[in-house]
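What follows is the content of start05.cif, which has mmCIF, C-alpha atoms:
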data_input
#
loop_
_atom_site.label_atom_id
_atom_site.label_comp_id
_atom_site.auth_asym_id
_atom_site.auth_seq_id
_atom_site.Cartn_x
_atom_site.Cartn_y
_atom_site.Cartn_z
CA MET A 11 8.78 10.47 -4.93
CA THR A 12 6.17 12.14 -7.15
CA SER A 13 3.76 14.46 -5.38
CA ARG A 14 0.60 12.85 -6.79
CA PRO A 15 0.85 9.07 -6.46
CA LEU A 16 -1.81 6.46 -6.97
CA THR A 17 -2.72 5.13 -3.53
CA ILE A 18 -4.84 2.13 -2.53
CA ILE A 19 -6.12 1.78 1.03
CA THR A 20 -8.25 -0.83 2.77
CA GLY A 21 -10.58 -0.16 5.68
CA ALA A 22 -11.25 3.53 5.05
CA THR A 23 -14.71 3.70 6.62
CA ARG A 24 -13.58 4.63 10.13
CA GLY A 25 -10.69 5.13 12.52
CA LEU A 26 -7.14 5.47 11.25
CA GLY A 27 -8.06 4.23 7.78
CA HIS A 28 -10.72 6.89 7.36
CA ALA A 29 -8.34 9.58 8.60
CA MET A 30 -5.62 8.49 6.15
CA ALA A 31 -8.07 8.25 3.26
CA HIS A 32 -9.42 11.72 4.05
CA GLU A 33 -5.90 13.16 4.00
CA LEU A 34 -5.18 11.37 0.71
CA ALA A 35 -8.41 12.68 -0.80
CA LYS A 36 -7.08 16.20 -0.29
CA GLN A 37 -3.73 15.54 -1.98
CA GLY A 38 -4.73 15.06 -5.60
CA GLY A 39 -3.67 12.04 -7.63
CA HIS A 40 -5.75 8.86 -7.60
CA LEU A 41 -7.19 7.28 -4.45
CA ILE A 42 -8.62 3.76 -4.50
CA THR A 43 -10.47 2.50 -1.43
CA LEU A 44 -11.55 -1.05 -0.60
CA ASN A 45 -14.40 -0.97 1.91
CA ARG A 46 -17.63 -2.74 2.67
CA HIS A 47 -19.58 0.53 2.28
CA PRO A 48 -19.19 3.83 0.40
CA VAL A 49 -17.75 6.77 2.32
CA PRO A 50 -19.61 9.91 1.19
CA ASP A 51 -17.30 12.45 2.82
CA LEU A 52 -14.33 11.00 0.93
CA ALA A 53 -16.09 11.60 -2.36
CA THR A 54 -16.83 15.18 -1.30
CA ALA A 55 -13.22 15.84 -0.29
CA ALA A 56 -11.85 14.20 -3.44
CA GLU A 57 -14.06 16.30 -5.69
CA ALA A 58 -13.10 19.49 -3.88
CA HIS A 59 -9.38 18.80 -4.31
CA GLY A 60 -9.31 17.34 -7.82
CA THR A 61 -8.52 13.82 -6.61
CA THR A 62 -9.70 10.86 -8.65
CA LEU A 63 -11.57 8.50 -6.31
CA THR A 64 -12.34 4.87 -7.09
CA GLU A 65 -14.36 2.98 -4.48
CA ILE A 66 -14.28 -0.82 -4.63
CA LEU A 67 -16.86 -2.33 -2.31
CA VAL A 68 -15.81 -5.62 -0.76
CA ASP A 69 -16.13 -7.69 2.41
CA LEU A 70 -12.58 -8.95 2.95
CA VAL A 71 -13.93 -12.05 4.71
CA ASP A 72 -15.83 -13.18 1.61
CA ALA A 73 -13.33 -15.08 -0.57
CA SER A 74 -15.31 -14.78 -3.80
CA ALA A 75 -15.94 -11.08 -3.20
CA LEU A 76 -12.24 -10.56 -2.50
CA GLU A 77 -11.36 -12.27 -5.77
CA GLN A 78 -13.74 -10.00 -7.67
CA ALA A 79 -12.36 -6.94 -5.90
CA ALA A 80 -8.82 -7.94 -6.83
CA GLU A 81 -9.88 -8.22 -10.48
CA GLN A 82 -11.46 -4.76 -10.28
CA LEU A 83 -8.30 -3.39 -8.70
CA VAL A 84 -6.09 -4.83 -11.41
CA ASN A 85 -8.35 -3.37 -14.11
CA VAL A 86 -8.18 0.06 -12.51
CA LEU A 87 -4.40 -0.12 -12.15
CA GLN A 88 -3.94 -1.22 -15.75
CA ASN A 89 -6.20 1.50 -17.16
CA ALA A 90 -5.51 4.43 -14.84
CA GLU A 91 -3.30 7.29 -15.89
CA HIS A 92 -1.27 7.47 -12.73
CA ALA A 93 2.04 8.80 -11.51
CA SER A 94 5.12 6.64 -11.45
CA CYS A 95 4.54 6.05 -7.72
CA CYS A 96 1.98 3.40 -6.70
CA GLN A 97 1.20 2.86 -3.02
CA LEU A 98 -0.76 0.18 -1.18
CA ILE A 99 -1.83 0.68 2.44
CA HIS A 100 -3.17 -2.35 4.28
CA ASN A 101 -5.09 -0.73 7.11
CA ALA A 102 -8.16 -2.93 7.61
CA GLY A 103 -7.88 -4.98 10.79
CA ILE A 104 -9.89 -6.44 13.65
CA VAL A 105 -8.89 -7.19 17.23
CA ALA A 106 -11.54 -9.84 18.04
CA PRO A 107 -11.60 -12.47 19.39
CA ILE A 108 -10.27 -11.32 22.74
CA ALA A 109 -10.12 -14.29 25.11
CA PRO A 110 -7.64 -16.59 26.90
CA ALA A 111 -6.27 -19.49 24.87
CA ASP A 112 -8.59 -22.03 26.48
CA GLN A 113 -11.62 -19.99 25.40
CA LEU A 114 -10.72 -19.49 21.73
CA THR A 115 -13.30 -21.99 20.53
CA ASP A 116 -15.26 -19.95 17.94
CA ILE A 117 -13.59 -21.06 14.74
CA GLU A 118 -15.46 -18.59 12.52
CA THR A 119 -14.30 -15.63 14.61
CA ILE A 120 -10.71 -16.88 14.43
CA ARG A 121 -10.95 -17.39 10.68
CA THR A 122 -12.42 -13.92 10.23
CA ALA A 123 -9.48 -12.34 12.05
CA PHE A 124 -6.95 -14.16 9.91
CA ASP A 125 -8.89 -13.39 6.72
CA VAL A 126 -8.96 -9.65 7.40
CA ASN A 127 -5.63 -9.18 9.14
CA ILE A 128 -3.29 -11.25 6.98
CA THR A 129 -4.96 -13.33 4.23
CA ALA A 130 -6.44 -10.31 2.43
CA PRO A 131 -3.19 -8.29 2.61
CA ILE A 132 -1.18 -11.17 1.14
CA TYR A 133 -3.73 -11.74 -1.63
CA LEU A 134 -4.13 -8.07 -2.56
CA THR A 135 -0.39 -7.44 -2.48
CA ALA A 136 0.13 -10.21 -5.02
CA HIS A 137 -2.25 -8.51 -7.45
CA PHE A 138 -0.76 -5.08 -6.71
CA LEU A 139 2.76 -6.28 -7.47
CA ALA A 140 1.70 -7.99 -10.68
CA ALA A 141 -0.21 -4.96 -11.94
CA THR A 142 2.34 -2.23 -11.09
CA SER A 143 5.48 -3.60 -12.69
CA ALA A 144 5.78 -0.40 -14.75
CA CYS A 145 5.85 1.84 -11.66
CA THR A 146 9.30 3.11 -10.82
CA ASP A 147 8.41 3.70 -7.16
CA ARG A 148 6.21 1.10 -5.44
CA ARG A 149 5.44 1.20 -1.74
CA VAL A 150 3.49 -1.19 0.51
CA LEU A 151 2.57 -0.05 4.01
CA LEU A 152 1.28 -2.76 6.34
CA VAL A 153 -0.41 -1.24 9.39
CA SER A 154 0.84 -3.63 12.04
CA SER A 155 0.80 -3.39 15.83
CA GLY A 156 3.00 -3.67 18.86
CA ALA A 157 0.92 -6.79 19.49
CA GLY A 158 2.90 -8.45 16.71
CA ARG A 159 6.13 -7.84 18.62
CA HIS A 160 5.00 -8.37 22.23
CA ALA A 161 2.73 -10.98 23.76
CA TYR A 162 -0.47 -9.85 25.47
CA GLY A 163 -2.68 -12.27 27.33
CA SER A 164 -6.04 -12.91 25.58
CA TRP A 165 -4.73 -11.51 22.29
CA GLY A 166 -3.51 -14.83 20.92
CA VAL A 167 -5.22 -14.37 17.56
CA TYR A 168 -4.49 -10.66 17.18
CA CYS A 169 -0.84 -11.07 18.17
CA ALA A 170 -0.47 -14.03 15.81
CA THR A 171 -1.91 -12.18 12.82
CA LYS A 172 0.20 -9.09 13.40
CA ALA A 173 3.36 -11.16 13.93
CA ALA A 174 2.54 -12.86 10.63
CA MET A 175 2.33 -9.44 9.01
CA ASP A 176 5.82 -8.57 10.23
CA ARG A 177 7.27 -11.81 8.91
CA TYR A 178 5.43 -11.41 5.59
CA ALA A 179 7.08 -8.01 5.13
CA GLU A 180 10.47 -9.69 5.63
CA VAL A 181 9.70 -12.31 3.00
CA VAL A 182 8.53 -9.78 0.40
CA ALA A 183 11.62 -7.66 0.99
CA ALA A 184 13.87 -10.71 0.66
CA GLU A 185 12.35 -11.45 -2.76
CA ASN A 186 13.80 -8.19 -4.13
CA HIS A 187 10.86 -7.09 -6.25
CA PRO A 188 11.94 -4.22 -8.53
CA ASN A 189 11.33 -0.67 -7.33
CA LEU A 190 9.55 -1.86 -4.19
CA LYS A 191 9.75 -0.61 -0.62
CA ILE A 192 7.74 -2.38 2.07
CA CYS A 193 7.30 -1.72 5.77
CA SER A 194 5.21 -3.15 8.59
CA MET A 195 4.44 -0.09 10.71
CA ALA A 196 3.08 -0.07 14.25
CA PRO A 197 0.84 3.00 14.66
CA GLY A 198 0.89 3.25 18.45
CA VAL A 199 -2.25 3.52 20.58
CA ILE A 200 -4.86 5.60 18.76
CA ASP A 201 -8.20 6.95 19.95
CA THR A 202 -10.43 4.88 17.64
CA GLY A 203 -13.40 2.53 17.81
CA MET A 204 -11.01 -0.40 18.17
CA GLN A 205 -9.69 1.08 21.39
CA ALA A 206 -13.24 1.55 22.65
CA GLN A 207 -13.91 -2.12 21.89
CA ILE A 208 -10.81 -3.13 23.84
CA ARG A 209 -11.85 -1.06 26.87
CA GLN A 210 -15.28 -2.70 26.88
CA THR A 211 -13.81 -6.19 27.16
CA PRO A 212 -14.44 -7.83 30.57
CA LYS A 213 -11.32 -8.14 32.70
CA ASP A 214 -11.74 -11.90 33.02
CA LYS A 215 -11.32 -12.13 29.25
CA PHE A 216 -8.60 -9.46 28.93
CA PRO A 217 -6.55 -8.91 32.11
CA ALA A 218 -4.63 -5.98 30.57
CA VAL A 219 -7.80 -3.92 30.06
CA ASP A 220 -6.87 -1.64 32.99
CA ARG A 221 -3.84 -0.39 31.07
CA PHE A 222 -5.98 0.73 28.14
CA GLU A 223 -8.58 2.30 30.42
CA ASP A 224 -5.82 4.25 32.19
CA MET A 225 -4.38 5.55 28.91
CA HIS A 226 -7.83 6.74 27.87
CA ARG A 227 -8.47 8.47 31.20
CA GLN A 228 -5.05 10.15 31.08
CA GLY A 229 -5.68 11.44 27.55
CA VAL A 230 -2.50 9.97 26.12
CA LEU A 231 -4.09 8.29 23.11
CA THR A 232 -2.99 9.70 19.76
CA GLN A 233 -5.75 11.26 17.69
CA ALA A 234 -6.46 9.46 14.42
CA THR A 235 -5.87 12.54 12.25
CA GLU A 236 -2.47 13.22 13.79
CA CYS A 237 -1.41 9.61 13.37
CA ALA A 238 -2.71 9.52 9.80
CA GLN A 239 -0.76 12.61 8.81
CA THR A 240 2.43 11.20 10.31
CA MET A 241 1.90 7.79 8.70
CA LEU A 242 1.51 9.38 5.28
CA LYS A 243 4.59 11.55 5.78
CA ALA A 244 6.53 8.42 6.70
CA LEU A 245 5.20 6.60 3.64
CA ALA A 246 6.32 9.45 1.37
CA SER A 247 9.76 9.84 2.97
CA GLU A 248 13.07 8.55 1.70
CA ARG A 249 13.39 6.74 5.01
CA PHE A 250 10.39 4.52 4.26
CA GLY A 251 11.29 0.83 4.03
CA GLN A 252 14.73 1.14 5.61
CA GLN A 253 13.26 -0.53 8.70
CA LEU A 254 11.02 -3.47 7.81
CA HIS A 255 9.44 -3.40 11.29
CA ASP A 256 8.95 0.25 12.12
CA ASP A 257 7.01 2.29 14.67
CA ILE A 258 5.32 5.56 13.76
CA ARG A 259 6.19 7.02 17.16
CA GLU A 260 9.75 7.30 15.88
CA TYR A 261 8.53 9.85 13.30
CA TYR A 262 6.82 12.35 15.55
CA ALA A 263 8.73 15.61 15.76
#
Can you dump the structure from the file as structure tokens?
Amino acid sequence: MTSRPLTIITGATRGLGHAMAHELAKQGGHLITLNRHPVPDLATAAEAHGTTLTEILVDLVDASALEQAAEQLVNVLQNAEHASCCQLIHNAGIVAPIAPADQLTDIETIRTAFDVNITAPIYLTAHFLAATSACTDRRVLLVSSGAGRHAYGSWGVYCATKAAMDRYAEVVAAENHPNLKICSMAPGVIDTGMQAQIRQTPKDKFPAVDRFEDMHRQGVLTQATECAQTMLKALASERFGQQLHDDIREYYA
């Protein structure tokens, strides 16, 4: 794979997405972010390392805004002078709502989770594939979760969206798009704001909260920067895409 690919990432304002984007900003090439807000430190890092940075501001829940962002993305891809490798990282994700099945009654919260976690990735991937047909090395990394492969009480929506992501990766792979590798990668348990949100959930709404509190107390959560570096190494490796449902913990030395 070329050393300076064009890379698109969603959800780069915080957590794992911010850590990955910051690493990418230091690698040269062209970095495109899709966020609700600008990220000033990414611009600073990109300038310092000669990386071209394009920021597309979008709320992934807003259908019309997502459509406009996809048009912007296609325009950038069609006009950019980029390497033969084009990468798309679907990182944006939300864990809410967290509640037992008989309490999942807020339809807007449910819709929001599906919009961010699976609708936006499907929609953006379609535009990415259509606009990168000339790339000889195309890679799509879906940041999934163990919640897509194991059932956790009170995570009905989160588990469902991440399971959908795994199955979507299978479908795209089965379609045999030219020069495309795709993988749905579980990142493990990372010390991010999402984990803090999980730990703050009342036990009557999320019985497994004790497990996450224990991991935090024991200091076993992976740091976002470490996970980001390993995720990007996996994305750049020849091994990427050989397992459609992968786990980044298999890549740690």
As a check of understanding, name the residues that the PyMOL selection byres ((chain A and resi 23) around 10) selects in the supplied structure, as a short mmCIF file (atom, residue, chain, number, x, y, z; two decimals) with C-alpha atoms, keeping the file's coordinate frame.
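What landed in result25.cif:
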data_model
loop_
_atom_site.label_atom_id
_atom_site.label_comp_id
_atom_site.auth_asym_id
_atom_site.auth_seq_id
_atom_site.Cartn_x
_atom_site.Cartn_y
_atom_site.Cartn_z
CA THR A 20 -8.25 -0.83 2.77
CA GLY A 21 -10.58 -0.16 5.68
CA ALA A 22 -11.25 3.53 5.05
CA ARG A 24 -13.58 4.63 10.13
CA GLY A 25 -10.69 5.13 12.52
CA LEU A 26 -7.14 5.47 11.25
CA GLY A 27 -8.06 4.23 7.78
CA HIS A 28 -10.72 6.89 7.36
CA ALA A 29 -8.34 9.58 8.60
CA ALA A 31 -8.07 8.25 3.26
CA HIS A 32 -9.42 11.72 4.05
CA THR A 43 -10.47 2.50 -1.43
CA LEU A 44 -11.55 -1.05 -0.60
CA ASN A 45 -14.40 -0.97 1.91
CA ARG A 46 -17.63 -2.74 2.67
CA HIS A 47 -19.58 0.53 2.28
CA PRO A 48 -19.19 3.83 0.40
CA VAL A 49 -17.75 6.77 2.32
CA PRO A 50 -19.61 9.91 1.19
CA ASP A 51 -17.30 12.45 2.82
CA LEU A 52 -14.33 11.00 0.93
CA ALA A 102 -8.16 -2.93 7.61
#
Applied to this file, what does the PyMOL selection byres ((chain A and resi 37) around 9) return in terms of residues, put as number ranges by chain? A: 13-14, 33-36, 38-40, 56, 59-61
What would the file look like if the residues just selected were written as a PDB file, keeping the file's coordinate frame with C-alpha atoms?
ATOM      1  CA  SER A  13       3.760  14.460  -5.380  1.00  0.00           C
ATOM      2  CA  ARG A  14       0.600  12.850  -6.790  1.00  0.00           C
ATOM      3  CA  GLU A  33      -5.900  13.160   4.000  1.00  0.00           C
ATOM      4  CA  LEU A  34      -5.180  11.370   0.710  1.00  0.00           C
ATOM      5  CA  ALA A  35      -8.410  12.680  -0.800  1.00  0.00           C
ATOM      6  CA  LYS A  36      -7.080  16.200  -0.290  1.00  0.00           C
ATOM      7  CA  GLY A  38      -4.730  15.060  -5.600  1.00  0.00           C
ATOM      8  CA  GLY A  39      -3.670  12.040  -7.630  1.00  0.00           C
ATOM      9  CA  HIS A  40      -5.750   8.860  -7.600  1.00  0.00           C
ATOM     10  CA  ALA A  56     -11.850  14.200  -3.440  1.00  0.00           C
ATOM     11  CA  HIS A  59      -9.380  18.800  -4.310  1.00  0.00           C
ATOM     12  CA  GLY A  60      -9.310  17.340  -7.820  1.00  0.00           C
ATOM     13  CA  THR A  61      -8.520  13.820  -6.610  1.00  0.00           C
TER      14      THR A  61
END
Residues near Glu180 (chain A), anyone? I mean within 9 Å using all atoms listed in the file, not counting same-chain ones fewer than 3 positions away, as a PyMOL selection string. chain A and resi 175-177+183-185+192-194+254-255
Point (-4.1, -11.0, 30.8), cut-off 9 Å, counting only C-alpha atoms, residues as a ChimeraX atom specification: /A:109-110,162-165,213-219
CA of Thr232 (chain A) to CA of Ile200 (chain A), straight-line distance in Å: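 Answer for the CA of Ile200 (chain A) to CA of Thr232 (chain A) separation: 4.6 Å.
Take the candidates A:Met195, A:Val150, A:Val105, A:Val181 and check each one against Gly166 (chain A) using only C-alpha atoms; the shortest distance goes to A:Val105.
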Find the distance between CA of Cys95 (chain A) and CA of Leu134 (chain A) and write it in Å to one decimal.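 One can read the CA of Cys95 (chain A) to CA of Leu134 (chain A) distance as 17.4 Å.
Distance check against Leu83 (chain A) using only C-alpha atoms: of A:Leu231, A:Leu16, A:Ala244, A:Ala144, the minimum falls on A:Leu16.
Compared by their closest atoms to Leu151 (chain A), and using all atoms listed in the file, the residues A:Ala53, A:Val71, A:Ala136, A:Ala179 rank with A:Ala179 nearest.
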Between CA of Val126 (chain A) and CA of Leu63 (chain A), what is the spacing in Å?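 For CA of Leu63 (chain A) relative to CA of Val126 (chain A), the distance reads 22.9 Å.
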Since I can't run it myself right now, could you work out what the PyMOL selection byres ((chain A and resi 104) around 9) selects here and report it as a list in words?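 Those residues are Ala102, Gly103, Val105, Ala106, Pro107, Thr122, Ala123, Val126, Asn127, Tyr168 and Met204 of chain A.
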Excluding Gln205 (chain A) and any residue of its chain fewer than 6 positions from it, enumerate the residues within 9 Å of it, using only C-alpha atoms, and give them as a PDB file with C-alpha atoms, in the coordinates of the input.
ATOM      1  CA  VAL A 199      -2.250   3.520  20.580  1.00  0.00           C
ATOM      2  CA  PHE A 222      -5.980   0.730  28.140  1.00  0.00           C
ATOM      3  CA  HIS A 226      -7.830   6.740  27.870  1.00  0.00           C
TER       4      HIS A 226
END
